[in-house]
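Novice: Below is coords_1.txt; it holds compact mmCIF, C-alpha atoms.
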# COMPACT_ATOMS: atom_id res chain seq x y z
CA MET A 1 96.70 80.13 98.94
CA TRP A 2 100.21 81.19 98.02
CA THR A 3 102.22 83.57 100.12
CA CYS A 4 105.30 85.72 99.69
CA GLY A 5 104.17 87.52 96.58
CA ARG A 6 105.98 90.75 97.39
CA TYR A 7 109.19 91.70 99.21
CA THR A 8 111.90 94.37 99.44
CA LEU A 9 115.63 94.51 98.84
CA THR A 10 117.18 97.88 99.67
CA ALA A 11 120.79 96.78 100.21
CA SER A 12 123.58 97.82 97.86
CA VAL A 13 125.51 95.39 95.66
CA ASN A 14 128.52 95.78 97.93
CA GLU A 15 126.43 94.96 100.99
CA LEU A 16 125.05 91.85 99.30
CA GLU A 17 128.49 90.69 98.18
CA GLU A 18 129.80 91.10 101.72
CA ARG A 19 126.79 89.51 103.42
CA PHE A 20 126.80 86.39 101.21
CA HIS A 21 130.52 86.21 100.34
CA ALA A 22 129.44 86.32 96.71
CA LYS A 23 130.73 88.02 93.58
CA ALA A 24 128.23 89.92 91.45
CA SER A 25 128.02 88.59 87.89
CA PHE A 26 126.53 91.84 86.56
CA PRO A 27 127.63 95.49 86.34
CA GLY A 28 126.55 97.52 89.33
CA SER A 29 124.59 99.81 87.02
CA GLU A 30 122.16 96.95 86.27
CA TYR A 31 121.12 96.66 89.91
CA ALA A 32 118.55 98.88 91.61
CA LYS A 33 117.15 98.80 95.11
CA SER A 34 113.51 97.74 95.19
CA TYR A 35 110.84 98.62 97.72
CA ASN A 36 108.21 96.41 96.09
CA VAL A 37 109.65 93.34 94.36
CA ALA A 38 106.91 91.46 92.47
CA PRO A 39 106.55 88.16 90.58
CA SER A 40 107.77 88.02 86.96
CA GLN A 41 110.49 90.59 87.73
CA MET A 42 114.22 89.89 87.58
CA VAL A 43 115.40 89.41 91.16
CA ALA A 44 118.80 89.16 92.81
CA ALA A 45 119.79 85.64 93.83
CA VAL A 46 122.85 83.82 95.12
CA ILE A 47 123.88 80.46 93.62
CA SER A 48 126.92 78.23 94.01
CA ALA A 49 128.86 77.75 90.77
CA ARG A 50 132.26 76.08 90.39
CA GLY A 51 132.95 76.33 94.08
CA GLN A 52 132.13 80.03 94.32
CA TYR A 53 129.05 82.01 95.29
CA ARG A 54 127.67 84.19 92.52
CA LEU A 55 125.16 87.02 92.81
CA GLY A 56 123.04 87.27 89.68
CA PHE A 57 119.54 87.81 88.35
CA LEU A 58 116.75 85.24 88.00
CA LYS A 59 113.19 85.79 86.80
CA TRP A 60 110.73 85.22 89.64
CA GLY A 61 108.34 82.45 88.61
CA LEU A 62 109.95 79.07 88.03
CA ILE A 63 109.65 77.47 84.58
CA PRO A 64 110.62 73.76 84.69
CA SER A 65 113.05 72.69 81.99
CA TRP A 66 110.39 70.40 80.48
CA ALA A 67 107.65 73.05 80.30
CA LYS A 68 105.99 73.69 76.93
CA ASP A 69 104.51 77.05 77.92
CA PRO A 70 106.48 79.63 79.93
CA LYS A 71 103.24 80.97 81.39
CA ILE A 72 103.46 78.13 83.93
CA GLY A 73 105.92 80.38 85.76
CA HIS A 74 103.07 82.65 86.86
CA LYS A 75 101.74 79.78 88.97
CA MET A 76 105.10 78.78 90.38
CA ILE A 77 106.33 81.81 92.31
CA ASN A 78 106.23 79.71 95.49
CA ALA A 79 106.88 76.06 96.36
CA ARG A 80 105.55 74.36 99.49
CA SER A 81 108.51 72.98 101.44
CA GLU A 82 106.47 70.02 102.70
CA THR A 83 105.94 68.64 99.17
CA VAL A 84 108.87 70.09 97.22
CA PHE A 85 110.61 66.69 96.92
CA GLN A 86 107.50 65.10 95.40
CA LYS A 87 106.17 67.74 93.00
CA PRO A 88 107.36 67.19 89.39
CA GLY A 89 108.02 70.88 88.89
CA PHE A 90 110.40 71.14 91.84
CA ARG A 91 111.87 67.75 92.75
CA GLU A 92 114.92 67.98 90.47
CA ALA A 93 115.67 71.59 91.31
CA VAL A 94 115.54 70.99 95.05
CA LYS A 95 118.26 68.37 94.70
CA ARG A 96 120.67 70.28 92.48
CA ARG A 97 119.59 73.87 91.84
CA ARG A 98 119.03 75.65 95.13
CA CYS A 99 119.58 79.35 95.66
CA LEU A 100 119.27 82.16 98.18
CA ILE A 101 116.88 85.03 97.54
CA PRO A 102 118.15 88.05 99.53
CA ALA A 103 115.60 90.38 101.12
CA ASP A 104 115.29 92.80 103.99
CA SER A 105 111.51 92.49 104.43
CA PHE A 106 108.44 90.97 102.84
CA PHE A 107 104.79 91.93 102.65
CA GLU A 108 101.72 89.94 103.60
CA TRP A 109 98.08 90.97 103.67
CA ASN A 110 95.91 90.80 106.75
CA ARG A 111 92.52 89.70 105.46
CA LYS A 112 89.78 90.69 107.87
CA ASP A 113 86.13 91.64 107.47
CA GLY A 114 86.44 91.78 103.71
CA THR A 115 89.48 94.06 103.74
CA ARG A 116 93.13 93.43 102.82
CA ALA A 117 95.56 95.43 104.94
CA PRO A 118 99.23 95.17 103.84
CA MET A 119 101.79 94.40 106.55
CA ARG A 120 105.55 94.69 106.34
CA ILE A 121 107.53 91.92 108.06
CA THR A 122 111.20 92.39 108.98
CA LEU A 123 113.83 90.95 111.27
CA LYS A 124 114.08 92.90 114.49
CA ASN A 125 117.71 93.69 113.77
CA GLY A 126 116.69 95.13 110.42
CA GLY A 127 119.27 93.06 108.59
CA ILE A 128 119.41 91.26 105.25
CA PHE A 129 118.12 87.69 105.29
CA ALA A 130 117.98 84.85 102.78
CA MET A 131 114.79 83.16 101.64
CA ALA A 132 115.22 79.58 100.43
CA GLY A 133 114.82 79.38 96.66
CA LEU A 134 115.15 77.04 93.70
CA TRP A 135 116.25 77.93 90.20
CA GLU A 136 115.85 76.42 86.74
CA LYS A 137 117.10 76.89 83.19
CA TRP A 138 114.44 76.81 80.49
CA THR A 139 115.08 77.20 76.76
CA ASP A 140 112.68 79.08 74.51
CA GLN A 141 111.81 78.21 70.90
CA GLU A 142 114.69 80.32 69.59
CA GLY A 143 117.16 78.45 71.78
CA ASN A 144 117.62 81.27 74.28
CA PRO A 145 118.10 80.27 77.92
CA VAL A 146 115.73 81.70 80.53
CA PHE A 147 116.79 81.43 84.18
CA THR A 148 113.94 81.47 86.69
CA CYS A 149 113.34 80.91 90.41
CA THR A 150 110.76 80.21 93.07
CA ILE A 151 110.62 80.93 96.81
CA LEU A 152 109.86 78.15 99.29
CA THR A 153 107.16 78.55 101.92
CA THR A 154 106.41 76.82 105.20
CA LYS A 155 103.77 76.84 107.91
CA ALA A 156 103.43 80.23 109.61
CA ASN A 157 105.19 80.83 112.91
CA ARG A 158 103.36 82.26 115.91
CA MET A 159 103.60 85.87 114.76
CA MET A 160 102.70 85.25 111.12
CA ALA A 161 99.79 82.99 112.06
CA LYS A 162 97.93 86.10 113.18
CA ILE A 163 97.48 87.10 109.53
CA HIS A 164 98.28 84.07 107.35
CA ASP A 165 98.83 80.31 107.57
CA ARG A 166 102.01 80.36 105.46
CA MET A 167 105.28 82.29 105.35
CA PRO A 168 108.46 82.25 103.23
CA VAL A 169 111.27 79.99 104.40
CA ILE A 170 113.86 82.29 105.95
CA LEU A 171 117.06 80.33 106.38
CA ARG A 172 119.13 80.66 109.50
CA LYS A 173 122.44 82.23 108.59
CA GLU A 174 124.34 79.10 109.64
CA ASP A 175 122.20 76.98 107.28
CA GLU A 176 122.76 79.01 104.12
CA GLU A 177 125.97 77.20 103.16
CA LYS A 178 124.34 73.79 103.37
CA TRP A 179 121.35 74.98 101.33
CA LEU A 180 123.72 76.04 98.55
CA ASP A 181 125.80 72.85 98.71
CA SER A 182 124.78 70.82 95.64
CA THR A 183 126.47 67.69 97.04
CA VAL A 184 123.74 67.57 99.69
CA THR A 185 120.67 66.01 98.06
CA GLU A 186 119.00 63.90 100.74
CA PRO A 187 115.59 65.13 101.95
CA GLY A 188 116.55 64.13 105.49
CA ARG A 189 119.39 66.66 105.48
CA LEU A 190 117.56 69.46 103.67
CA LEU A 191 114.04 69.45 105.10
CA PRO A 192 115.19 70.41 108.63
CA LEU A 193 116.57 73.64 107.14
CA LEU A 194 113.09 74.65 106.00
CA ALA A 195 111.55 75.15 109.43
CA GLN A 196 109.71 78.25 110.62
CA TYR A 197 111.90 81.19 111.49
CA ASP A 198 111.83 82.28 115.14
CA SER A 199 108.92 84.68 115.57
CA ASP A 200 110.70 86.36 118.49
CA ALA A 201 113.33 87.59 116.03
CA MET A 202 110.72 89.16 113.71
CA GLU A 203 108.30 92.05 113.79
CA MET A 204 105.57 93.46 111.56
CA TYR A 205 103.61 96.65 111.10
CA ALA A 206 100.91 98.03 108.81
CA VAL A 207 101.92 100.00 105.70
CA SER A 208 100.14 101.99 103.03
CA GLU A 209 97.78 100.30 100.56
CA ARG A 210 99.96 101.80 97.82
CA VAL A 211 102.10 98.68 98.14
CA ASN A 212 99.20 96.74 96.59
CA SER A 213 100.31 97.87 93.13
CA PRO A 214 103.73 96.69 91.93
CA LYS A 215 103.86 99.89 89.85
CA ASN A 216 104.57 101.71 93.11
CA ASN A 217 108.22 101.36 94.12
CA PHE A 218 109.60 104.06 96.40
CA PRO A 219 110.97 104.31 99.97
CA GLU A 220 107.75 105.73 101.44
CA LEU A 221 106.13 102.30 101.00
CA LEU A 222 108.14 101.13 104.00
CA LEU A 223 106.81 103.75 106.39
CA PRO A 224 104.31 102.68 109.07
CA LYS A 225 100.74 103.52 108.16
CA ASN A 226 99.38 106.55 109.99
For the file at hand, write its structure as structure tokens.
Specialist:
Amino acid sequence: MWTCGRYTLTASVNELEERFHAKASFPGSEYAKSYNVAPSQMVAAVISARGQYRLGFLKWGLIPSWAKDPKIGHKMINARSETVFQKPGFREAVKRRRCLIPADSFFEWNRKDGTRAPMRITLKNGGIFAMAGLWEKWTDQEGNPVFTCTILTTKANRMMAKIHDRMPVILRKEDEEKWLDSTVTEPGRLLPLLAQYDSDAMEMYAVSERVNSPKNNFPELLLPKN
């Protein structure tokens, strides 16, 4: 079962530019904080282009360049890090088109006794982190480019294993530069970056079931459930 189907990004453009040493490629008016980012939405991402880091938008749900039907993106919101170098939909992107997906928390559901209780997972320091992503350029029938992305997942760490067997790949800050370096293509140099994040640096708590619907997007979603 996939994981990381919902996350939050409540930082400002200026905070993102400073955190990732990136220049936004869009007007600030086009960016909005999100308390419930969902698949198929346009999401903020950092890529390396011409020796500089750029902050731009990608559609969440990767469409390989060779795809005939863009609907394949609905099934490709996540990529398993263990097989990403073998899967046809990801193996070219992981070599040359890697990106960072900024977030400040993500949601996962604790499935127990037939119920699904949403949990919010953050870093203990409350800071912005980068999930490992891949991006692609697909061209529609009218010749228009569509830029999409996916988020990598890995085996759950000790904390996450209490509710799920997978978790998004959260890169260590010191590994972000290498992940964005397109001259690094060897699996032996990239796979070690995709390890579980330290559970001792993370925490989680229950939140309202209102987060279940992507139509809900407001700060109260982040409050602990009473």
Novice: Name all residues at most 7 Å from Pro39 of chain A (count all atoms listed in the file; drop same-chain ones fewer than 3 positions away) and give them as a short mmCIF file (atom, residue, chain, number, x, y, z; two decimals) with C-alpha atoms, keeping the file's coordinate frame.
Specialist:
data_model
loop_
_atom_site.label_atom_id
_atom_site.label_comp_id
_atom_site.auth_asym_id
_atom_site.auth_seq_id
_atom_site.Cartn_x
_atom_site.Cartn_y
_atom_site.Cartn_z
CA GLY A 5 104.17 87.52 96.58
CA TRP A 60 110.73 85.22 89.64
CA GLY A 61 108.34 82.45 88.61
CA ILE A 77 106.33 81.81 92.31
#
Novice: For Leu16 of chain A, work out the shell of residues within 12 Å, counting only C-alpha atoms and skipping chain neighbours fewer than 2 positions away, then give it as number ranges by chain.
Specialist: A: 9-14, 18-24, 28, 31, 33, 44-46, 53-56, 100-104, 127-130
Novice: What is the atom CA of Leu152 of chain A-atom CA of Leu134 of chain A distance in Å, reported with one decimal?
Specialist: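 These atoms are spaced 7.8 Å apart.
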Novice: Each side padded by 5 Å, which centre and which edge lengths in Å (one decimal) define the axis-aligned box around the listed atoms of segment 87-104 of chain A? Give them as JSON.
Specialist:
{"center_x": 113.4, "center_y": 80.0, "center_z": 96.4, "size_x": 24.5, "size_y": 35.6, "size_z": 25.1}
Novice: What is the distance, in Å and to one decimal place, between atom CA of Val94 of chain A and atom CA of Thr185 of chain A?
Specialist: 7.8 Å
Novice: Neighbouring residues of Gln196 of chain A were defined as those with any atom within 10 Å, considering all atoms listed in the file; residues of the same chain fewer than 4 positions away were excluded. Please report them as a PyMOL selection string.
Specialist: chain A and resi 153-158+160+166-172+192
Novice: Rank A:Trp179, A:Tyr35, A:Phe218, A:Phe26 by their smallest atom-to-atom distance to Phe107 of chain A, using only C-alpha atoms, and report the top residue only.
Specialist: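 Once distances to Phe107 of chain A are computed over only C-alpha atoms, the minimum belongs to A:Tyr35.
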Novice: Would you kindly return, as a PyMOL selection string, each protein, DNA or RNA residue with an atom no farther than 12 Å from any atom of Trp135 of chain A, considering only C-alpha atoms and excluding same-chain residues fewer than 5 positions away?
Specialist: chain A and resi 43-48+56-65+73+76-79+89-101+146-152+180
Novice: Please, what distance in Å, to one decimal, runs between atom CA of Asn110 of chain A and atom CA of Ser213 of chain A?
Specialist: 16.0 Å
Novice: Taking only C-alpha atoms into account, name the residue in A:Thr8, A:Asn212, A:Ser40, A:Gly51 that is nearest to Lys75 of chain A.
Specialist: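 So, comparing all the options, the nearest one is A:Ser40.
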Novice: Using only C-alpha atoms, which of A:Glu15, A:Gln41, A:Ala132, A:Met119 sits nearest Val84 of chain A?
Specialist: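 Distance minimum relative to Val84 of chain A lands on A:Ala132.
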Novice: Please determine, counting all atoms listed in the file, which residue among A:Glu82, A:Ile163, A:Met131, A:Pro145 has the shortest atom-to-atom distance to Arg111 of chain A.
Specialist: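 Checking each candidate against Arg111 of chain A, we get A:Ile163 as the closest.
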Novice: Select all residues near (100.2, 98.6, 107.6) (cut-off 6 Å, inclusive, file coordinates), counting all atoms listed in the file, and output them as a count of residues only.
Specialist: 8
Novice: Rank nothing, just name the residue among A:Gln86, A:Asn216, A:Ser105, A:Asn144 nearest to Gly126 of chain A, using all atoms listed in the file.
Specialist: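 Under the stated criterion, the closest residue is A:Ser105.
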Novice: Out of A:Lys173, A:Lys137, A:Arg210, A:Lys178, which residue has the shortest atom-to-atom distance to Ala67 of chain A when counting all atoms listed in the file?
Specialist: A:Lys137
Novice: Take segment 135-147 of chain A, bring it up to N, CA, C and O atoms, and give me the output as a CSV table (one decimal), in the frame of the given file.
Specialist:
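Dumped to rebuild35.csv:
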chain,number,residue,atom,x,y,z
A,135,TRP,N,116.1,77.3,91.5
A,135,TRP,CA,116.2,77.9,90.2
A,135,TRP,C,116.2,76.9,89.1
A,135,TRP,O,116.5,75.7,89.3
A,136,GLU,N,115.9,77.3,87.9
A,136,GLU,CA,115.8,76.4,86.7
A,136,GLU,C,116.3,77.2,85.5
A,136,GLU,O,116.3,78.4,85.4
A,137,LYS,N,116.8,76.4,84.5
A,137,LYS,CA,117.1,76.9,83.2
A,137,LYS,C,116.1,76.3,82.2
A,137,LYS,O,116.0,75.1,82.1
A,138,TRP,N,115.4,77.2,81.5
A,138,TRP,CA,114.4,76.8,80.5
A,138,TRP,C,114.9,77.4,79.2
A,138,TRP,O,115.5,78.5,79.1
A,139,THR,N,114.7,76.7,78.1
A,139,THR,CA,115.1,77.2,76.8
A,139,THR,C,113.9,77.5,75.9
A,139,THR,O,113.0,76.6,75.7
A,140,ASP,N,113.8,78.7,75.3
A,140,ASP,CA,112.7,79.1,74.5
A,140,ASP,C,112.8,78.5,73.1
A,140,ASP,O,113.8,77.8,72.8
A,141,GLN,N,111.8,78.8,72.2
A,141,GLN,CA,111.8,78.2,70.9
A,141,GLN,C,113.0,78.7,70.0
A,141,GLN,O,113.4,78.0,69.1
A,142,GLU,N,113.5,79.8,70.4
A,142,GLU,CA,114.7,80.3,69.6
A,142,GLU,C,116.0,79.8,70.1
A,142,GLU,O,117.1,80.2,69.6
A,143,GLY,N,115.9,79.0,71.2
A,143,GLY,CA,117.2,78.4,71.8
A,143,GLY,C,117.8,79.3,72.8
A,143,GLY,O,118.9,79.1,73.3
A,144,ASN,N,117.1,80.4,73.3
A,144,ASN,CA,117.6,81.3,74.3
A,144,ASN,C,117.3,80.7,75.7
A,144,ASN,O,116.2,80.3,76.0
A,145,PRO,N,118.3,80.7,76.6
A,145,PRO,CA,118.1,80.3,77.9
A,145,PRO,C,117.4,81.3,78.8
A,145,PRO,O,117.6,82.5,78.6
A,146,VAL,N,116.5,80.8,79.6
A,146,VAL,CA,115.7,81.7,80.5
A,146,VAL,C,115.9,81.1,81.9
A,146,VAL,O,115.6,80.0,82.2
A,147,PHE,N,116.5,81.9,82.8
A,147,PHE,CA,116.8,81.4,84.2
A,147,PHE,C,115.7,82.0,85.1
A,147,PHE,O,115.5,83.2,85.2
